[in-house]
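Q: Got protein39.cif for you, mmCIF, C-alpha atoms and all ligand atoms:
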```
data_structure
#
loop_
_atom_site.group_PDB
_atom_site.id
_atom_site.type_symbol
_atom_site.label_atom_id
_atom_site.label_comp_id
_atom_site.auth_asym_id
_atom_site.auth_seq_id
_atom_site.Cartn_x
_atom_site.Cartn_y
_atom_site.Cartn_z
ATOM 1 C CA MET A 1 104.877 100.058 78.311
ATOM 2 C CA LYS A 2 107.902 99.004 80.290
ATOM 3 C CA ILE A 3 110.721 101.388 81.140
ATOM 4 C CA LEU A 4 113.865 100.168 82.806
ATOM 5 C CA LYS A 5 116.400 102.718 83.956
ATOM 6 C CA ALA A 6 119.818 101.744 85.246
ATOM 7 C CA PHE A 7 123.029 103.618 85.853
ATOM 8 C CA ARG A 8 126.323 101.965 86.648
ATOM 9 C CA TYR A 9 129.317 103.798 87.974
ATOM 10 C CA ARG A 10 132.759 102.546 88.682
ATOM 11 C CA LEU A 11 134.393 104.106 91.716
ATOM 12 C CA GLU A 12 138.146 104.298 91.823
ATOM 13 C CA PRO A 13 138.979 105.072 95.430
ATOM 14 C CA THR A 14 142.451 105.721 96.724
ATOM 15 C CA GLU A 15 143.893 103.192 99.145
ATOM 16 C CA GLU A 16 142.816 105.232 102.160
ATOM 17 C CA GLN A 17 139.302 105.676 100.724
ATOM 18 C CA ALA A 18 139.092 101.931 100.026
ATOM 19 C CA ARG A 19 139.956 101.194 103.653
ATOM 20 C CA GLN A 20 137.273 103.632 104.784
ATOM 21 C CA LEU A 21 134.630 102.127 102.488
ATOM 22 C CA SER A 22 135.453 98.694 103.798
ATOM 23 C CA ARG A 23 134.943 99.967 107.365
ATOM 24 C CA TYR A 24 131.555 101.443 106.353
ATOM 25 C CA ARG A 25 130.583 98.153 104.787
ATOM 26 C CA GLY A 26 131.511 96.357 107.996
ATOM 27 C CA CYS A 27 129.299 98.731 109.988
ATOM 28 C CA MET A 28 126.392 98.205 107.583
ATOM 29 C CA ARG A 29 126.754 94.440 107.859
ATOM 30 C CA PHE A 30 126.832 94.713 111.637
ATOM 31 C CA VAL A 31 123.667 96.849 111.758
ATOM 32 C CA TRP A 32 121.918 94.547 109.284
ATOM 33 C CA ASN A 33 122.712 91.386 111.241
ATOM 34 C CA LYS A 34 121.856 92.921 114.605
ATOM 35 C CA ALA A 35 118.488 94.266 113.429
ATOM 36 C CA LEU A 36 117.721 91.023 111.589
ATOM 37 C CA ALA A 37 118.430 88.940 114.710
ATOM 38 C CA LEU A 38 116.205 91.281 116.706
ATOM 39 C CA GLN A 39 113.303 91.004 114.248
ATOM 40 C CA LYS A 40 113.685 87.228 113.941
ATOM 41 C CA GLY A 41 113.512 86.938 117.706
ATOM 42 C CA ARG A 42 110.329 89.012 117.825
ATOM 43 C CA VAL A 43 108.626 87.067 115.037
ATOM 44 C CA GLY A 44 109.661 83.865 116.787
ATOM 45 C CA ALA A 45 108.178 84.970 120.092
ATOM 46 C CA GLY A 46 104.957 86.075 118.423
ATOM 47 C CA TYR A 47 105.573 89.817 118.824
ATOM 48 C CA PRO A 48 104.911 92.337 116.042
ATOM 49 C CA LEU A 49 107.943 93.603 114.143
ATOM 50 C CA LEU A 50 109.673 96.816 115.103
ATOM 51 C CA SER A 51 109.003 99.602 112.628
ATOM 52 C CA TYR A 52 111.730 101.429 110.742
ATOM 53 C CA GLY A 53 111.278 104.307 113.193
ATOM 54 C CA ASP A 54 111.886 101.999 116.173
ATOM 55 C CA LEU A 55 115.012 100.563 114.540
ATOM 56 C CA ALA A 56 116.345 104.027 113.698
ATOM 57 C CA LYS A 57 115.964 105.027 117.374
ATOM 58 C CA LEU A 58 117.869 101.881 118.385
ATOM 59 C CA LEU A 59 120.598 102.759 115.894
ATOM 60 C CA THR A 60 121.012 106.130 117.632
ATOM 61 C CA LEU A 61 121.326 104.329 120.977
ATOM 62 C CA TRP A 62 123.895 101.906 119.575
ATOM 63 C CA ARG A 63 125.934 104.731 118.075
ATOM 64 C CA HIS A 64 126.035 106.467 121.444
ATOM 65 C CA SER A 65 126.822 103.342 123.437
ATOM 66 C CA GLU A 66 130.282 102.384 124.669
ATOM 67 C CA GLU A 67 129.950 98.877 123.262
ATOM 68 C CA TYR A 68 129.189 99.817 119.659
ATOM 69 C CA ALA A 69 131.135 103.078 119.517
ATOM 70 C CA PHE A 70 132.797 101.928 116.263
ATOM 71 C CA LEU A 71 129.470 102.634 114.506
ATOM 72 C CA ARG A 72 130.209 106.338 114.947
ATOM 73 C CA HIS A 73 133.018 106.002 112.388
ATOM 74 C CA ALA A 74 130.496 105.351 109.603
ATOM 75 C CA PRO A 75 128.143 108.057 108.315
ATOM 76 C CA VAL A 76 124.614 107.597 109.625
ATOM 77 C CA HIS A 77 122.712 107.621 106.322
ATOM 78 C CA PRO A 78 123.970 104.323 104.874
ATOM 79 C CA LEU A 79 123.245 102.710 108.244
ATOM 80 C CA GLN A 80 119.683 104.051 108.212
ATOM 81 C CA TRP A 81 119.346 102.886 104.626
ATOM 82 C CA THR A 82 120.435 99.421 105.759
ATOM 83 C CA LEU A 83 117.625 99.381 108.318
ATOM 84 C CA LYS A 84 115.100 100.604 105.770
ATOM 85 C CA PHE A 85 116.059 97.731 103.572
ATOM 86 C CA LEU A 86 115.342 95.229 106.303
ATOM 87 C CA MET A 87 111.602 95.367 106.409
ATOM 88 C CA GLN A 88 108.525 93.291 106.361
ATOM 89 C CA SER A 89 106.430 90.734 104.685
ATOM 90 C CA ILE A 90 103.169 90.632 102.962
ATOM 91 C CA HIS A 91 100.897 87.690 102.419
ATOM 92 C CA VAL A 92 97.727 87.488 100.415
ATOM 93 C CA ALA A 93 94.687 85.669 101.706
ATOM 94 C CA PHE A 94 92.018 84.114 99.559
ATOM 95 C CA ASP A 95 89.386 86.697 100.328
ATOM 96 C CA PRO A 96 90.085 90.232 99.115
ATOM 97 C CA THR A 97 92.201 91.241 102.075
ATOM 98 C CA LEU A 98 95.953 91.533 102.231
ATOM 99 C CA ALA A 99 97.264 90.391 105.584
ATOM 100 C CA LEU A 100 100.552 91.912 106.692
ATOM 101 C CA SER A 101 102.801 90.128 109.143
ATOM 102 C CA ASN A 102 102.656 93.043 111.570
ATOM 103 C CA GLY A 103 99.013 92.153 112.227
ATOM 104 C CA THR A 104 97.454 94.854 110.045
ATOM 105 C CA PHE A 105 95.220 94.331 107.031
ATOM 106 C CA VAL A 106 94.599 96.140 103.796
ATOM 107 C CA ASP A 107 90.932 95.739 102.964
ATOM 108 C CA ALA A 108 89.639 95.796 99.439
ATOM 109 C CA PRO A 109 87.099 98.591 99.154
ATOM 110 C CA GLY A 110 83.398 97.835 99.470
ATOM 111 C CA TRP A 111 82.832 98.068 95.724
ATOM 112 C CA PHE A 112 84.507 94.713 95.293
ATOM 113 C CA ARG A 113 81.671 92.602 96.685
ATOM 114 C CA ARG A 114 78.981 94.932 95.360
ATOM 115 C CA TYR A 115 80.267 94.578 91.792
ATOM 116 C CA GLU A 116 80.704 90.879 92.208
ATOM 117 C CA ALA A 117 77.018 90.554 93.129
ATOM 118 C CA LYS A 118 76.012 92.861 90.293
ATOM 119 C CA VAL A 119 77.918 90.868 87.659
ATOM 120 C CA ALA A 120 76.326 87.631 88.883
ATOM 121 C CA TRP A 121 72.866 89.256 88.788
ATOM 122 C CA GLU A 122 73.302 90.608 85.239
ATOM 123 C CA MET A 123 74.690 87.253 84.069
ATOM 124 C CA ARG A 124 71.556 85.481 85.353
ATOM 125 C CA LYS A 125 69.419 88.016 83.497
ATOM 126 C CA LEU A 126 71.397 87.343 80.315
ATOM 127 C CA ALA A 127 70.883 83.596 80.665
ATOM 128 C CA ARG A 128 67.100 84.069 80.542
ATOM 129 C CA MET A 129 67.198 86.097 77.296
ATOM 130 C CA LYS A 130 66.831 84.802 73.767
ATOM 131 C CA LYS A 131 70.329 84.452 72.318
ATOM 132 C CA PHE A 132 71.329 87.101 69.705
ATOM 133 C CA SER A 133 68.091 89.062 70.231
ATOM 134 C CA LYS A 134 68.229 92.860 70.561
ATOM 135 C CA ASN A 135 67.812 92.649 74.344
ATOM 136 C CA TRP A 136 70.475 89.979 74.600
ATOM 137 C CA ARG A 137 72.975 92.107 72.653
ATOM 138 C CA GLU A 138 72.245 95.120 74.846
ATOM 139 C CA GLN A 139 72.686 92.996 77.959
ATOM 140 C CA VAL A 140 76.060 91.692 76.701
ATOM 141 C CA ALA A 141 77.205 95.290 76.108
ATOM 142 C CA LYS A 142 76.022 96.223 79.607
ATOM 143 C CA ILE A 143 78.047 93.379 81.165
ATOM 144 C CA GLN A 144 81.114 94.383 79.162
ATOM 145 C CA ARG A 145 80.828 97.957 80.440
ATOM 146 C CA LEU A 146 80.505 96.624 83.969
ATOM 147 C CA HIS A 147 83.686 94.556 83.555
ATOM 148 C CA ALA A 148 85.571 97.566 82.175
ATOM 149 C CA HIS A 149 84.411 99.617 85.149
ATOM 150 C CA ILE A 150 85.563 96.928 87.598
ATOM 151 C CA ALA A 151 88.950 96.756 85.844
ATOM 152 C CA ASN A 152 89.421 100.528 86.199
ATOM 153 C CA ALA A 153 88.432 100.581 89.846
ATOM 154 C CA ARG A 154 90.674 97.608 90.587
ATOM 155 C CA PHE A 155 93.639 99.216 88.802
ATOM 156 C CA ASP A 156 93.156 102.395 90.821
ATOM 157 C CA PHE A 157 92.959 100.481 94.110
ATOM 158 C CA LEU A 158 95.995 98.319 93.319
ATOM 159 C CA HIS A 159 98.017 101.370 92.277
ATOM 160 C CA LYS A 160 97.278 103.205 95.514
ATOM 161 C CA THR A 161 97.948 100.139 97.691
ATOM 162 C CA SER A 162 101.214 99.184 95.968
ATOM 163 C CA THR A 163 102.468 102.770 96.155
ATOM 164 C CA ALA A 164 101.719 102.941 99.879
ATOM 165 C CA ILE A 165 103.464 99.610 100.544
ATOM 166 C CA SER A 166 106.518 100.448 98.421
ATOM 167 C CA LYS A 167 106.966 103.671 100.394
ATOM 168 C CA ASN A 168 107.060 101.904 103.763
ATOM 169 C CA HIS A 169 108.722 98.593 102.949
ATOM 170 C CA ALA A 170 111.977 97.919 101.146
ATOM 171 C CA MET A 171 111.779 94.173 101.138
ATOM 172 C CA VAL A 172 108.550 92.314 100.557
ATOM 173 C CA PHE A 173 108.092 88.560 100.751
ATOM 174 C CA VAL A 174 105.163 87.115 98.872
ATOM 175 C CA GLU A 175 103.795 83.663 99.209
ATOM 176 C CA ASP A 176 103.899 81.714 95.965
ATOM 177 C CA LEU A 177 100.178 81.204 95.386
ATOM 178 C CA HIS A 178 100.889 78.514 92.822
ATOM 179 C CA VAL A 179 101.586 76.163 95.707
ATOM 180 C CA LYS A 180 98.272 76.987 97.316
ATOM 181 C CA ASN A 181 96.362 76.615 94.063
ATOM 182 C CA MET A 182 97.799 73.155 93.600
ATOM 183 C CA SER A 183 96.788 72.079 97.050
ATOM 184 C CA LYS A 184 93.321 73.500 96.390
ATOM 185 C CA SER A 185 92.790 71.691 93.109
ATOM 186 C CA ALA A 186 93.763 68.432 94.812
ATOM 187 C CA LYS A 187 90.277 68.386 96.286
ATOM 188 C CA GLY A 188 88.789 67.974 92.818
ATOM 189 C CA THR A 189 89.873 68.068 89.220
ATOM 190 C CA LYS A 190 89.190 70.917 86.817
ATOM 191 C CA GLU A 191 86.668 68.787 84.917
ATOM 192 C CA ASN A 192 85.119 67.378 88.061
ATOM 193 C CA PRO A 193 85.320 69.947 90.843
ATOM 194 C CA GLY A 194 84.428 69.044 94.365
ATOM 195 C CA LYS A 195 80.893 69.764 95.483
ATOM 196 C CA LYS A 196 82.015 72.637 97.676
ATOM 197 C CA VAL A 197 83.311 74.600 94.688
ATOM 198 C CA ARG A 198 80.594 77.127 93.935
ATOM 199 C CA ALA A 199 80.201 79.258 90.834
ATOM 200 C CA LYS A 200 80.434 82.381 92.985
ATOM 201 C CA SER A 201 83.788 81.516 94.476
ATOM 202 C CA GLY A 202 85.013 80.840 90.938
ATOM 203 C CA LEU A 203 84.066 84.374 89.942
ATOM 204 C CA ASN A 204 85.538 85.810 93.106
ATOM 205 C CA LYS A 205 88.803 84.015 92.443
ATOM 206 C CA ALA A 206 88.913 85.085 88.787
ATOM 207 C CA ILE A 207 88.571 88.748 89.786
ATOM 208 C CA LEU A 208 91.188 88.303 92.492
ATOM 209 C CA ASP A 209 93.706 86.339 90.421
ATOM 210 C CA GLN A 210 93.877 89.095 87.828
ATOM 211 C CA GLY A 211 94.288 91.642 90.558
ATOM 212 C CA TRP A 212 96.929 89.629 92.335
ATOM 213 C CA SER A 213 99.314 89.254 89.414
ATOM 214 C CA MET A 214 98.842 92.923 88.514
ATOM 215 C CA PHE A 215 99.490 93.860 92.135
ATOM 216 C CA GLN A 216 102.746 91.890 92.123
ATOM 217 C CA THR A 217 103.840 93.561 88.865
ATOM 218 C CA LEU A 218 103.096 97.052 90.187
ATOM 219 C CA LEU A 219 104.726 96.384 93.536
ATOM 220 C CA THR A 220 107.818 94.837 91.917
ATOM 221 C CA TYR A 221 108.606 97.870 89.786
ATOM 222 C CA LYS A 222 107.711 100.384 92.473
ATOM 223 C CA LEU A 223 110.014 98.654 94.953
ATOM 224 C CA ALA A 224 112.783 98.411 92.335
ATOM 225 C CA TRP A 225 112.411 102.125 91.655
ATOM 226 C CA ARG A 226 113.067 102.843 95.323
ATOM 227 C CA GLY A 227 115.898 100.330 95.640
ATOM 228 C CA GLY A 228 113.953 97.538 97.328
ATOM 229 C CA TYR A 229 112.789 94.192 96.075
ATOM 230 C CA LEU A 230 110.019 91.639 96.088
ATOM 231 C CA LYS A 231 110.711 87.968 96.593
ATOM 232 C CA THR A 232 108.313 85.114 95.945
ATOM 233 C CA LEU A 233 108.633 82.140 98.251
ATOM 234 C CA PRO A 234 107.133 78.705 98.100
ATOM 235 C CA ALA A 235 105.464 78.525 101.474
ATOM 236 C CA PRO A 236 103.148 75.566 101.841
ATOM 237 C CA TYR A 237 101.012 75.118 104.969
ATOM 238 C CA THR A 238 101.680 78.711 106.023
ATOM 239 C CA SER A 239 98.357 79.128 107.733
ATOM 240 C CA LEU A 240 98.342 75.655 109.321
ATOM 241 C CA THR A 241 101.757 75.935 111.012
ATOM 242 C CA CYS A 242 102.309 77.371 114.484
ATOM 243 C CA PRO A 243 104.625 80.418 114.090
ATOM 244 C CA ILE A 244 106.285 79.858 117.487
ATOM 245 C CA PRO A 245 109.681 78.325 116.560
ATOM 246 C CA THR A 246 109.943 76.208 119.692
ATOM 247 C CA CYS A 247 106.591 74.687 118.705
ATOM 248 C CA GLY A 248 106.104 74.731 114.912
ATOM 249 C CA HIS A 249 103.222 72.292 115.158
ATOM 250 C CA ALA A 250 101.531 71.921 111.738
ATOM 251 C CA SER A 251 98.025 70.530 111.630
ATOM 252 C CA LYS A 252 94.637 71.140 110.080
ATOM 253 C CA GLY A 253 93.342 71.037 113.657
ATOM 254 C CA ASN A 254 95.040 74.403 114.285
ATOM 255 C CA ARG A 255 92.375 75.991 112.085
ATOM 256 C CA ILE A 256 89.044 75.444 113.778
ATOM 257 C CA THR A 257 87.475 78.232 111.747
ATOM 258 C CA GLN A 258 88.549 80.057 108.590
ATOM 259 C CA ALA A 259 89.529 83.194 110.495
ATOM 260 C CA ASP A 260 91.118 81.842 113.682
ATOM 261 C CA PHE A 261 94.337 80.049 114.398
ATOM 262 C CA THR A 262 94.699 78.202 117.702
ATOM 263 C CA CYS A 263 97.667 75.867 118.057
ATOM 264 C CA GLU A 264 96.578 72.419 119.261
ATOM 265 C CA LYS A 265 99.900 71.912 120.988
ATOM 266 C CA CYS A 266 100.920 75.191 122.636
ATOM 267 C CA GLY A 267 97.664 77.166 122.489
ATOM 268 C CA TYR A 268 99.088 80.155 120.569
ATOM 269 C CA HIS A 269 96.139 82.137 119.230
ATOM 270 C CA ALA A 270 95.986 84.738 116.439
ATOM 271 C CA ASN A 271 94.210 85.666 113.246
ATOM 272 C CA ALA A 272 94.885 82.901 110.690
ATOM 273 C CA ASP A 273 96.024 85.269 107.938
ATOM 274 C CA THR A 274 98.397 87.049 110.307
ATOM 275 C CA VAL A 275 99.881 83.640 111.192
ATOM 276 C CA GLY A 276 100.295 82.948 107.462
ATOM 277 C CA ALA A 277 102.096 86.256 106.991
ATOM 278 C CA MET A 278 104.360 85.594 109.998
ATOM 279 C CA ASN A 279 105.367 82.215 108.552
ATOM 280 C CA VAL A 280 106.087 83.723 105.120
ATOM 281 C CA LEU A 281 108.218 86.375 106.793
ATOM 282 C CA ARG A 282 110.110 83.745 108.795
ATOM 283 C CA ALA A 283 110.807 81.737 105.632
ATOM 284 C CA GLY A 284 111.962 84.930 103.895
ATOM 285 C CA LEU A 285 114.225 86.087 106.715
ATOM 286 C CA ALA A 286 115.796 82.625 106.906
ATOM 287 C CA ARG A 287 116.961 83.086 103.316
ATOM 288 C CA ILE A 288 118.681 86.406 103.800
ATOM 289 C CA ALA A 289 121.333 85.797 106.388
ATOM 290 C CA CYS A 290 123.591 88.578 105.198
ATOM 291 C CA LEU A 291 123.470 91.828 103.260
ATOM 292 C CA PRO A 292 123.472 91.136 99.530
ATOM 293 C CA ALA A 293 126.592 92.893 98.257
HETATM 294 ZN ZN ZN B 1 102.193 75.973 118.838
#
```
Take the structure I supplied and represent it as structure tokens, if you would.

A:
Amino acid sequence: MKILKAFRYRLEPTEEQARQLSRYRGCMRFVWNKALALQKGRVGAGYPLLSYGDLAKLLTLWRHSEEYAFLRHAPVHPLQWTLKFLMQSIHVAFDPTLALSNGTFVDAPGWFRRYEAKVAWEMRKLARMKKFSKNWREQVAKIQRLHAHIANARFDFLHKTSTAISKNHAMVFVEDLHVKNMSKSAKGTKENPGKKVRAKSGLNKAILDQGWSMFQTLLTYKLAWRGGYLKTLPAPYTSLTCPIPTCGHASKGNRITQADFTCEKCGYHANADTVGAMNVLRAGLARIACLPA
């Protein structure tokens, strides 16, 4: 079931009110651009992003400073809302972990791998049974129950995670996985997969893919409900590119192992998924130069 709620109002301000609103808008734009420049600079230098709380404290300082005294003419709440709107990025890795650009991770609960192993085990048992026998039928029913159980647990996990993220972030950038899938399938065709493609990783990916699109759906409507939004970006080579803007070196050699990123050129070192998230965020921030109005 899909419910969309929207209310539109037309304001008819007097001339004086219109002038005031325009001043407020100017203040919001100023706060947006200043905070955006600050965050861009931090991402560029390899620092974690400032939180909303940090930005709100800065806003208080600006409002009390001589230089930005004009900010005092606008009410504080729209300015805080502007900062809330300017938030952070999320990036999904291929294993069941979400890597956020601020260097934190959301781990899938332990049941994920346990169930994965259990499904594989029960499938092997099924393969040894005589087709359409009583045992075979019972085994099929057992596997179906297992899948239903996994689906429920996954739904619960994705609901909790998307709610938590939508509460803390107004703007979420997501890497378009389609791009990654294409680059993956280049190693082998569907009919003739490369030798490294194992049955297990196929299962893992199937479970994840379902979860991923559901996660995006949940997050999209939860963000919309709170006035934020989710944006999908094509972001190829995100985890092979050095996130330091003065460097930007892109090479497979930057990824010595699956988990680590070490730039061949400048030596910048970080978790590979965090680097991916930083690059997605940079691509996203580059697209929003000004407050959408
Ligand atoms: Zn570098």

Q: Any idea what the distance is between CA of Tyr229 in chain A and CA of Met171 in chain A?

A: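 Going from CA of Tyr229 in chain A over to CA of Met171 in chain A, I get 5.2 Å.
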
Q: Give me, as a Markdown table, the closest atom pair and its distance (Å, one decimal) for every residue of chain A within a cut-off of 7 Å of ligand ZN 1 (chain B), counting all atoms listed in the file, rows sorted by chain and rising number.

A:
```
| residue | atom | partner | partner_atom | distance |
| --- | --- | --- | --- | --- |
| A:Cys242 | CA | B:ZN1 | ZN | 4.6 |
| A:Pro243 | CA | B:ZN1 | ZN | 6.9 |
| A:Ile244 | CA | B:ZN1 | ZN | 5.8 |
| A:Cys247 | CA | B:ZN1 | ZN | 4.6 |
| A:Gly248 | CA | B:ZN1 | ZN | 5.7 |
| A:His249 | CA | B:ZN1 | ZN | 5.3 |
| A:Cys263 | CA | B:ZN1 | ZN | 4.6 |
| A:Glu264 | CA | B:ZN1 | ZN | 6.7 |
| A:Lys265 | CA | B:ZN1 | ZN | 5.1 |
| A:Cys266 | CA | B:ZN1 | ZN | 4.1 |
| A:Gly267 | CA | B:ZN1 | ZN | 5.9 |
| A:Tyr268 | CA | B:ZN1 | ZN | 5.5 |
```

Q: Distance CA of Met28 in chain A-CA of Pro75 in chain A, one decimal place?

A: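 Result for CA of Met28 in chain A versus CA of Pro75 in chain A: 10.0 Å, one decimal.
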
Q: Can you work out which one of A:Pro13, A:Pro245, A:Pro236, A:Pro78 has the shortest atom-to-atom distance to Arg282 in chain A, counting all atoms listed in the file?

A: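 Going through A:Pro13, A:Pro245, A:Pro236, A:Pro78 one by one, the smallest distance to Arg282 in chain A is for A:Pro245.
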
Q: Suppose a student applies the PyMOL selection byres (((chain A and resi 42-47) around 9) and not hetatm) to this structure; what residues should they get, written as a PyMOL selection string?

A: chain A and resi 37-41+48-50+101-102+243-246+268+278-279+281-282

Q: Work out how far apart CA of Ala286 in chain A and CA of Lys57 in chain A are and give it in Å to one decimal.

A: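 So the two atoms, CA of Ala286 in chain A and CA of Lys57 in chain A, lie 24.7 Å apart.
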
Q: Find, counting all atoms listed in the file, the residue in A:Glu116, A:Phe85, A:Ala69, A:Arg124 that gets nearest to Leu223 in chain A.

A: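 Closest residue, counting all atoms listed in the file: A:Phe85.
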
Q: Kindly resolve the PyMOL selection byres (((chain A and resi 81) around 12) and not hetatm) on the present coordinates and return the residues as a ChimeraX atom specification.

A: /A:28-29,31-32,52-53,55-56,59,75-80,82-87,169-170,226-228,291

Q: Output range 68-88 of chain A from the block with N, CA and C atoms, as a PDB file, in the first residue's frame?

A:
```
ATOM      1  N   TYR A  68      28.704  38.521  10.825  1.00  0.00           N
ATOM      2  CA  TYR A  68      27.465  37.962  10.262  1.00  0.00           C
ATOM      3  C   TYR A  68      26.237  38.390  11.085  1.00  0.00           C
ATOM      4  N   ALA A  69      26.291  39.565  11.612  1.00  0.00           N
ATOM      5  CA  ALA A  69      25.210  40.064  12.485  1.00  0.00           C
ATOM      6  C   ALA A  69      23.854  40.067  11.777  1.00  0.00           C
ATOM      7  N   PHE A  70      23.893  40.200  10.426  1.00  0.00           N
ATOM      8  CA  PHE A  70      22.615  40.230   9.673  1.00  0.00           C
ATOM      9  C   PHE A  70      21.808  38.950   9.869  1.00  0.00           C
ATOM     10  N   LEU A  71      22.475  37.845  10.264  1.00  0.00           N
ATOM     11  CA  LEU A  71      21.753  36.587  10.477  1.00  0.00           C
ATOM     12  C   LEU A  71      20.760  36.699  11.630  1.00  0.00           C
ATOM     13  N   ARG A  72      20.986  37.671  12.515  1.00  0.00           N
ATOM     14  CA  ARG A  72      20.103  37.850  13.661  1.00  0.00           C
ATOM     15  C   ARG A  72      18.725  38.364  13.229  1.00  0.00           C
ATOM     16  N   HIS A  73      18.646  38.898  12.003  1.00  0.00           N
ATOM     17  CA  HIS A  73      17.363  39.424  11.525  1.00  0.00           C
ATOM     18  C   HIS A  73      16.408  38.323  11.072  1.00  0.00           C
ATOM     19  N   ALA A  74      16.954  37.096  10.886  1.00  0.00           N
ATOM     20  CA  ALA A  74      16.087  35.979  10.501  1.00  0.00           C
ATOM     21  C   ALA A  74      15.818  35.123  11.728  1.00  0.00           C
ATOM     22  N   PRO A  75      14.628  34.532  11.831  1.00  0.00           N
ATOM     23  CA  PRO A  75      14.363  33.635  12.961  1.00  0.00           C
ATOM     24  C   PRO A  75      15.298  32.430  12.897  1.00  0.00           C
ATOM     25  N   VAL A  76      15.619  31.869  14.041  1.00  0.00           N
ATOM     26  CA  VAL A  76      16.662  30.836  14.088  1.00  0.00           C
ATOM     27  C   VAL A  76      16.185  29.491  13.523  1.00  0.00           C
ATOM     28  N   HIS A  77      14.900  29.180  13.649  1.00  0.00           N
ATOM     29  CA  HIS A  77      14.454  27.842  13.261  1.00  0.00           C
ATOM     30  C   HIS A  77      14.626  27.502  11.779  1.00  0.00           C
ATOM     31  N   PRO A  78      14.259  28.407  10.860  1.00  0.00           N
ATOM     32  CA  PRO A  78      14.512  28.078   9.453  1.00  0.00           C
ATOM     33  C   PRO A  78      16.002  27.903   9.160  1.00  0.00           C
ATOM     34  N   LEU A  79      16.845  28.630   9.888  1.00  0.00           N
ATOM     35  CA  LEU A  79      18.288  28.506   9.663  1.00  0.00           C
ATOM     36  C   LEU A  79      18.781  27.146  10.150  1.00  0.00           C
ATOM     37  N   GLN A  80      18.244  26.705  11.285  1.00  0.00           N
ATOM     38  CA  GLN A  80      18.607  25.372  11.800  1.00  0.00           C
ATOM     39  C   GLN A  80      18.094  24.299  10.856  1.00  0.00           C
ATOM     40  N   TRP A  81      16.881  24.528  10.340  1.00  0.00           N
ATOM     41  CA  TRP A  81      16.306  23.574   9.391  1.00  0.00           C
ATOM     42  C   TRP A  81      17.199  23.465   8.163  1.00  0.00           C
ATOM     43  N   THR A  82      17.735  24.593   7.719  1.00  0.00           N
ATOM     44  CA  THR A  82      18.628  24.614   6.560  1.00  0.00           C
ATOM     45  C   THR A  82      19.841  23.718   6.815  1.00  0.00           C
ATOM     46  N   LEU A  83      20.385  23.810   8.030  1.00  0.00           N
ATOM     47  CA  LEU A  83      21.552  22.996   8.373  1.00  0.00           C
ATOM     48  C   LEU A  83      21.190  21.508   8.437  1.00  0.00           C
ATOM     49  N   LYS A  84      20.000  21.238   8.972  1.00  0.00           N
ATOM     50  CA  LYS A  84      19.559  19.849   9.071  1.00  0.00           C
ATOM     51  C   LYS A  84      19.475  19.224   7.697  1.00  0.00           C
ATOM     52  N   PHE A  85      19.073  20.056   6.762  1.00  0.00           N
ATOM     53  CA  PHE A  85      18.874  19.575   5.402  1.00  0.00           C
ATOM     54  C   PHE A  85      20.199  19.228   4.731  1.00  0.00           C
ATOM     55  N   LEU A  86      21.237  19.848   5.198  1.00  0.00           N
ATOM     56  CA  LEU A  86      22.552  19.669   4.573  1.00  0.00           C
ATOM     57  C   LEU A  86      23.273  18.533   5.307  1.00  0.00           C
ATOM     58  N   MET A  87      23.012  17.336   4.960  1.00  0.00           N
ATOM     59  CA  MET A  87      23.623  16.288   5.775  1.00  0.00           C
ATOM     60  C   MET A  87      24.499  15.317   5.011  1.00  0.00           C
ATOM     61  N   GLN A  88      24.381  14.045   5.321  1.00  0.00           N
ATOM     62  CA  GLN A  88      25.461  13.209   4.812  1.00  0.00           C
ATOM     63  C   GLN A  88      25.075  12.041   3.930  1.00  0.00           C
TER      64      GLN A  88
END
```
